[in-house]
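Enquirer: Just target_3.cif, nothing more (mmCIF, C-alpha atoms):
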data_target
#
loop_
_atom_site.label_atom_id
_atom_site.label_comp_id
_atom_site.auth_asym_id
_atom_site.auth_seq_id
_atom_site.Cartn_x
_atom_site.Cartn_y
_atom_site.Cartn_z
CA MET A 16 6.85 -2.05 3.75
CA PHE A 17 3.68 -0.26 2.65
CA GLU A 18 0.75 -2.30 1.32
CA VAL A 19 -2.11 -0.90 -0.75
CA HIS A 20 -5.40 -2.72 -0.14
CA SER A 21 -7.93 -1.85 -2.81
CA LEU A 22 -11.39 -3.34 -2.87
CA GLY A 23 -11.63 -6.87 -4.25
CA SER A 24 -7.94 -7.41 -4.93
CA SER A 25 -4.77 -8.70 -3.33
CA PRO A 26 -2.64 -5.99 -1.67
CA TRP A 27 0.08 -4.23 -3.60
CA SER A 28 3.26 -3.76 -1.62
CA PHE A 29 6.23 -1.42 -1.83
CA ALA A 30 9.31 -2.68 -0.01
CA GLY A 31 11.58 0.17 1.04
CA ALA A 32 8.96 2.89 0.55
CA GLY A 33 9.45 6.23 2.26
CA GLN A 34 6.49 7.98 3.86
CA VAL A 35 5.50 11.64 4.07
CA VAL A 36 2.55 12.64 6.26
CA ARG A 37 1.04 16.07 5.56
CA ARG A 38 -0.98 17.55 8.41
CA LEU A 39 -2.83 20.85 8.19
CA LYS A 40 0.08 22.65 9.94
CA ASP A 41 2.33 21.51 7.04
CA MET A 42 0.07 23.26 4.53
CA ALA A 43 0.08 26.89 5.69
CA GLY A 44 -1.45 29.08 2.99
CA TYR A 45 -3.07 26.21 1.12
CA PHE A 46 -6.43 26.43 2.93
CA PRO A 47 -8.49 29.34 4.29
CA ARG A 48 -8.03 29.99 8.02
CA ASP A 49 -10.09 27.59 10.15
CA PRO A 50 -9.26 27.83 13.87
CA ALA A 51 -11.22 24.67 14.78
CA ALA A 52 -9.41 22.59 12.12
CA GLU A 53 -6.08 24.14 13.09
CA ALA A 54 -6.64 23.03 16.69
CA ARG A 55 -7.29 19.45 15.51
CA ASN A 56 -4.39 19.55 12.99
CA PRO A 57 -5.80 16.65 10.93
CA VAL A 58 -3.80 14.48 8.57
CA ILE A 59 -4.75 15.78 5.11
CA TYR A 60 -2.81 13.20 3.07
CA GLU A 61 0.02 10.68 3.10
CA VAL A 62 2.48 9.88 0.34
CA PHE A 63 4.33 6.57 0.12
CA GLU A 64 7.30 6.98 -2.20
CA TRP A 65 9.54 4.45 -3.86
CA PRO A 66 12.45 4.52 -4.08
CA ARG A 67 13.71 6.23 -1.00
CA ASP A 68 16.65 8.58 -1.39
CA GLY A 69 19.84 6.87 -2.47
CA LEU A 70 18.32 4.01 -4.45
CA PRO A 71 19.24 4.28 -8.15
CA THR A 72 16.31 4.18 -10.59
CA ASP A 73 14.84 6.09 -13.52
CA LEU A 74 11.31 6.14 -12.09
CA LEU A 75 9.60 7.64 -9.09
CA VAL A 76 6.50 5.72 -7.98
CA THR A 77 4.20 7.13 -5.32
CA VAL A 78 0.93 6.07 -3.75
CA THR A 79 -1.04 8.93 -2.19
CA ALA A 80 -3.96 8.66 0.22
CA ILE A 81 -6.02 11.84 0.64
CA TYR A 82 -8.33 11.62 3.61
CA PRO A 83 -11.85 13.07 3.56
CA GLY A 84 -12.51 16.32 5.34
CA MET A 85 -12.95 20.06 5.03
CA VAL A 86 -10.85 23.03 6.14
CA GLY A 87 -12.36 26.48 5.91
CA GLY A 88 -15.05 25.18 3.56
CA GLU A 89 -12.56 23.52 1.18
CA SER A 90 -12.11 19.79 0.65
CA HIS A 91 -8.80 18.16 1.59
CA HIS A 92 -6.27 18.24 -1.26
CA THR A 93 -2.58 17.80 -1.99
CA LYS A 94 -0.30 20.86 -1.98
CA GLY A 95 -0.08 21.29 -5.73
CA HIS A 96 3.13 21.86 -7.65
CA PHE A 97 4.80 22.32 -11.00
CA HIS A 98 7.62 19.96 -11.92
CA LYS A 99 11.15 21.37 -11.70
CA ASP A 100 11.90 19.63 -15.00
CA PRO A 101 9.93 21.72 -17.54
CA ASP A 102 9.65 18.66 -19.81
CA GLY A 103 8.53 16.36 -16.98
CA SER A 104 5.18 14.64 -17.16
CA GLU A 105 3.42 12.30 -14.75
CA LEU A 106 0.93 9.44 -14.95
CA VAL A 107 -1.83 9.22 -12.30
CA VAL A 108 -3.75 5.94 -11.85
CA GLY A 109 -6.84 5.89 -9.63
CA ILE A 110 -7.03 3.02 -7.13
CA ASP A 111 -9.89 3.77 -4.68
CA GLY A 112 -12.26 6.63 -3.97
CA HIS A 113 -13.34 9.50 -6.19
CA GLY A 114 -11.38 12.73 -6.47
CA THR A 115 -10.52 15.41 -8.99
CA LEU A 116 -7.13 16.15 -10.53
CA GLU A 117 -7.01 19.94 -10.95
CA MET A 118 -4.39 21.35 -13.31
CA VAL A 119 -3.35 24.83 -14.47
CA ASP A 120 -0.59 25.93 -16.84
CA ARG A 121 1.50 29.09 -16.50
CA SER A 122 -0.81 30.99 -18.88
CA GLY A 123 -3.76 30.32 -16.53
CA ALA A 124 -5.53 27.65 -18.60
CA GLU A 125 -7.29 25.20 -16.27
CA GLN A 126 -8.41 21.59 -16.55
CA ALA A 127 -10.12 19.22 -14.09
CA VAL A 128 -10.19 15.44 -14.58
CA PRO A 129 -11.82 12.75 -12.40
CA VAL A 130 -9.55 10.39 -10.47
CA ALA A 131 -11.38 7.15 -9.71
CA PRO A 132 -10.63 3.42 -9.71
CA HIS A 133 -9.21 2.27 -13.04
CA THR A 134 -8.71 5.80 -14.45
CA MET A 135 -5.40 6.92 -15.91
CA VAL A 136 -4.56 10.58 -16.46
CA THR A 137 -1.38 12.09 -17.87
CA ILE A 138 -0.20 15.40 -16.48
CA PRO A 139 1.48 17.19 -19.38
CA PRO A 140 4.77 19.09 -19.05
CA GLY A 141 4.34 22.61 -17.70
CA TRP A 142 1.09 22.01 -15.79
CA ALA A 143 0.76 22.52 -12.02
CA HIS A 144 -1.47 19.93 -10.43
CA ARG A 145 -3.14 18.79 -7.24
CA VAL A 146 -5.74 16.15 -6.32
CA VAL A 147 -8.84 17.09 -4.34
CA ASN A 148 -10.98 14.72 -2.25
CA PRO A 149 -14.55 16.11 -2.16
CA GLY A 150 -16.07 12.88 -0.83
CA THR A 151 -16.49 10.98 2.42
CA ASP A 152 -14.04 8.16 1.63
CA PRO A 153 -10.26 8.30 1.15
CA VAL A 154 -8.93 8.84 -2.37
CA LEU A 155 -6.05 6.52 -3.22
CA TYR A 156 -3.97 6.87 -6.38
CA LEU A 157 -0.63 5.81 -7.81
CA SER A 158 1.62 8.15 -9.78
CA VAL A 159 4.68 7.49 -11.91
CA SER A 160 7.18 10.03 -13.21
CA SER A 161 10.87 10.41 -13.92
CA ALA A 162 12.92 10.15 -10.73
CA GLU A 163 14.44 13.53 -11.68
CA VAL A 164 11.15 15.42 -12.28
CA GLY A 165 11.27 17.30 -8.96
CA HIS A 166 8.56 19.35 -7.23
CA ASP A 167 8.30 23.13 -7.53
CA TYR A 168 5.89 24.23 -4.78
CA GLY A 169 7.00 27.87 -4.96
CA GLY A 170 6.17 28.06 -8.67
CA VAL A 171 2.44 27.78 -7.99
CA ARG A 172 2.67 30.85 -5.76
CA ALA A 173 4.72 32.80 -8.33
CA ALA A 174 2.20 31.87 -11.05
CA GLY A 175 -0.71 33.03 -8.88
CA TRP A 176 -2.24 29.57 -8.48
CA ILE A 177 -2.11 28.89 -4.78
CA PRO A 178 -4.46 25.99 -4.00
CA GLY A 179 -6.90 26.98 -1.30
CA ASN A 180 -6.53 30.73 -1.80
#
Can you turn what I pasted into structure tokens?
Expert:
Amino acid sequence: MFEVHSLGSSPWSFAGAGQVVRRLKDMAGYFPRDPAAEARNPVIYEVFEWPRDGLPTDLLVTVTAIYPGMVGGESHHTKGHFHKDPDGSELVVGIDGHGTLEMVDRSGAEQAVPVAPHTMVTIPPGWAHRVVNPGTDPVLYLSVSSAEVGHDYGGVRAAGWIPGN
């Protein structure tokens, strides 16, 4: 079970949550080369996902923790992706810390929105997105989407929006 402890509140818990840990080595091409950081191979972010594979539901709920740090002069951030479902949208709710949700559509239009405690942001269909942590504290946020929305990491490369490059 994963528990989210935000300041001044009781913990939230997710029984049966799956966990993905993304280290720098898992994010080749998403940051400029930084031999010192590559030698340390820091944890950039963790995703706790409910439900795990095989549990029937209409919703996918994740809690992501992006840890503070820099690689090649860039702040830690998630990989960034389009949704496989072209009509798929996502809701992001800030829990702790202060980050930025960066979005771009396939025409190249860009938008940046703060992610902070008590903020809610909707990612519209057709927009690639990532969250950046420019601060010194972890950024913690919850997201909710259709369980079938899917992640298209290759689409950001094909569209020319490769976070970190």
Enquirer: Determine the residue set returned by the PyMOL selection byres ((chain A and resi 106) around 9) for the present structure, and present it as a JSON list (two decimals) with C-alpha atoms, in the frame of the given file.
Expert:
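Just written: out_36.json:
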[["chain", "number", "residue", "atom", "x", "y", "z"],
["A", 104, "SER", "CA", 5.18, 14.64, -17.16],
["A", 105, "GLU", "CA", 3.42, 12.30, -14.75],
["A", 107, "VAL", "CA", -1.83, 9.22, -12.30],
["A", 108, "VAL", "CA", -3.75, 5.94, -11.85],
["A", 135, "MET", "CA", -5.40, 6.92, -15.91],
["A", 136, "VAL", "CA", -4.56, 10.58, -16.46],
["A", 137, "THR", "CA", -1.38, 12.09, -17.87],
["A", 138, "ILE", "CA", -0.20, 15.40, -16.48],
["A", 139, "PRO", "CA", 1.48, 17.19, -19.38],
["A", 157, "LEU", "CA", -0.63, 5.81, -7.81],
["A", 158, "SER", "CA", 1.62, 8.15, -9.78],
["A", 159, "VAL", "CA", 4.68, 7.49, -11.91],
["A", 160, "SER", "CA", 7.18, 10.03, -13.21]]
Enquirer: Could you check how far atom CA of Val146 of chain A sits from atom CA of Pro50 of chain A, in Å to one decimal?
Expert: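 Atom-to-atom, atom CA of Val146 of chain A to atom CA of Pro50 of chain A, that is 23.6 Å.
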Enquirer: With all atoms listed in the file as the basis for distance, which of A:Met42, A:Leu155, A:Ala51, A:Val78 is at the shortest distance from Ala131 of chain A?
Expert: A:Leu155
Enquirer: What gap, in Å, lies between atom CA of Gly95 of chain A and atom CA of His144 of chain A?
Expert: 5.1 Å
Enquirer: Quick one: everything within 9 Å of segment 124-130 of chain A, counting all atoms listed in the file, minus sequence neighbours fewer than 6 positions away in the same chain. Send it as a list in words.
Expert: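 The contact residues come out as Val107, Val108, Gly109, Ile110, Asp111, Gly112, His113, Gly114, Thr115, Leu116, Glu117, Met118, Val136, Trp142, Val146, Val154, Leu155 and Tyr156 of chain A.
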Enquirer: Which of these residues is nearest to Ala54 of chain A, using only C-alpha atoms: A:Ala143, A:Val36, A:Val86, A:Val164?
Expert: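 Going through A:Ala143, A:Val36, A:Val86, A:Val164 one by one, the smallest distance to Ala54 of chain A is for A:Val86.
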Enquirer: Between atom CA of Val76 of chain A and atom CA of Phe63 of chain A, what is the distance, to one decimal in Å?
Expert: 8.4 Å
Enquirer: Padding of 3 Å on every side, edges along x, y and z, all listed atoms of segment 105-114 of chain A included: what centre and edge lengths in Å, to one decimal, does that box have, as lines of an AutoDock Vina configuration file?
Expert:
center_x = -5.0
center_y = 7.9
center_z = -9.5
size_x = 22.8
size_y = 15.7
size_z = 17.0
Enquirer: Taking all atoms listed in the file into account, which of A:Gly33, A:Gly103, A:Glu64, A:Met85 comes nearest Ser161 of chain A?
Expert: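 The closest residue to Ser161 of chain A is A:Gly103.
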Enquirer: I need the residue nearest His92 of chain A from this list: A:Arg48, A:His133, A:Arg145, A:Arg121. Use all atoms listed in the file for the distance.
Expert: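 Residue with the minimum atom-to-atom distance to His92 of chain A: A:Arg145.
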Enquirer: List the neighbours of Arg55 of chain A out to 12 Å using all atoms listed in the file; skip same-chain residues closer than 6 positions along the sequence, and give me the result as a ChimeraX atom specification.
Expert: /A:38-40,49,84-86
Enquirer: Using all atoms listed in the file, find all polymer residues with an atom at most 8 Å away from the point (1.4, 11.1, 2.0); report them as a short mmCIF file (atom, residue, chain, number, x, y, z; two decimals) with C-alpha atoms, in the coordinates of the input.
Expert:
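So part.cif came out as:
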data_model
loop_
_atom_site.label_atom_id
_atom_site.label_comp_id
_atom_site.auth_asym_id
_atom_site.auth_seq_id
_atom_site.Cartn_x
_atom_site.Cartn_y
_atom_site.Cartn_z
CA GLN A 34 6.49 7.98 3.86
CA VAL A 35 5.50 11.64 4.07
CA VAL A 36 2.55 12.64 6.26
CA ARG A 37 1.04 16.07 5.56
CA TYR A 60 -2.81 13.20 3.07
CA GLU A 61 0.02 10.68 3.10
CA VAL A 62 2.48 9.88 0.34
CA PHE A 63 4.33 6.57 0.12
CA VAL A 78 0.93 6.07 -3.75
CA THR A 79 -1.04 8.93 -2.19
CA ALA A 80 -3.96 8.66 0.22
CA ILE A 81 -6.02 11.84 0.64
#
Enquirer: Taking only C-alpha atoms into account, name the residue in A:Gly44, A:Val119, A:Val147, A:Phe97 that is nearest to Gly170 of chain A.
Expert: A:Phe97
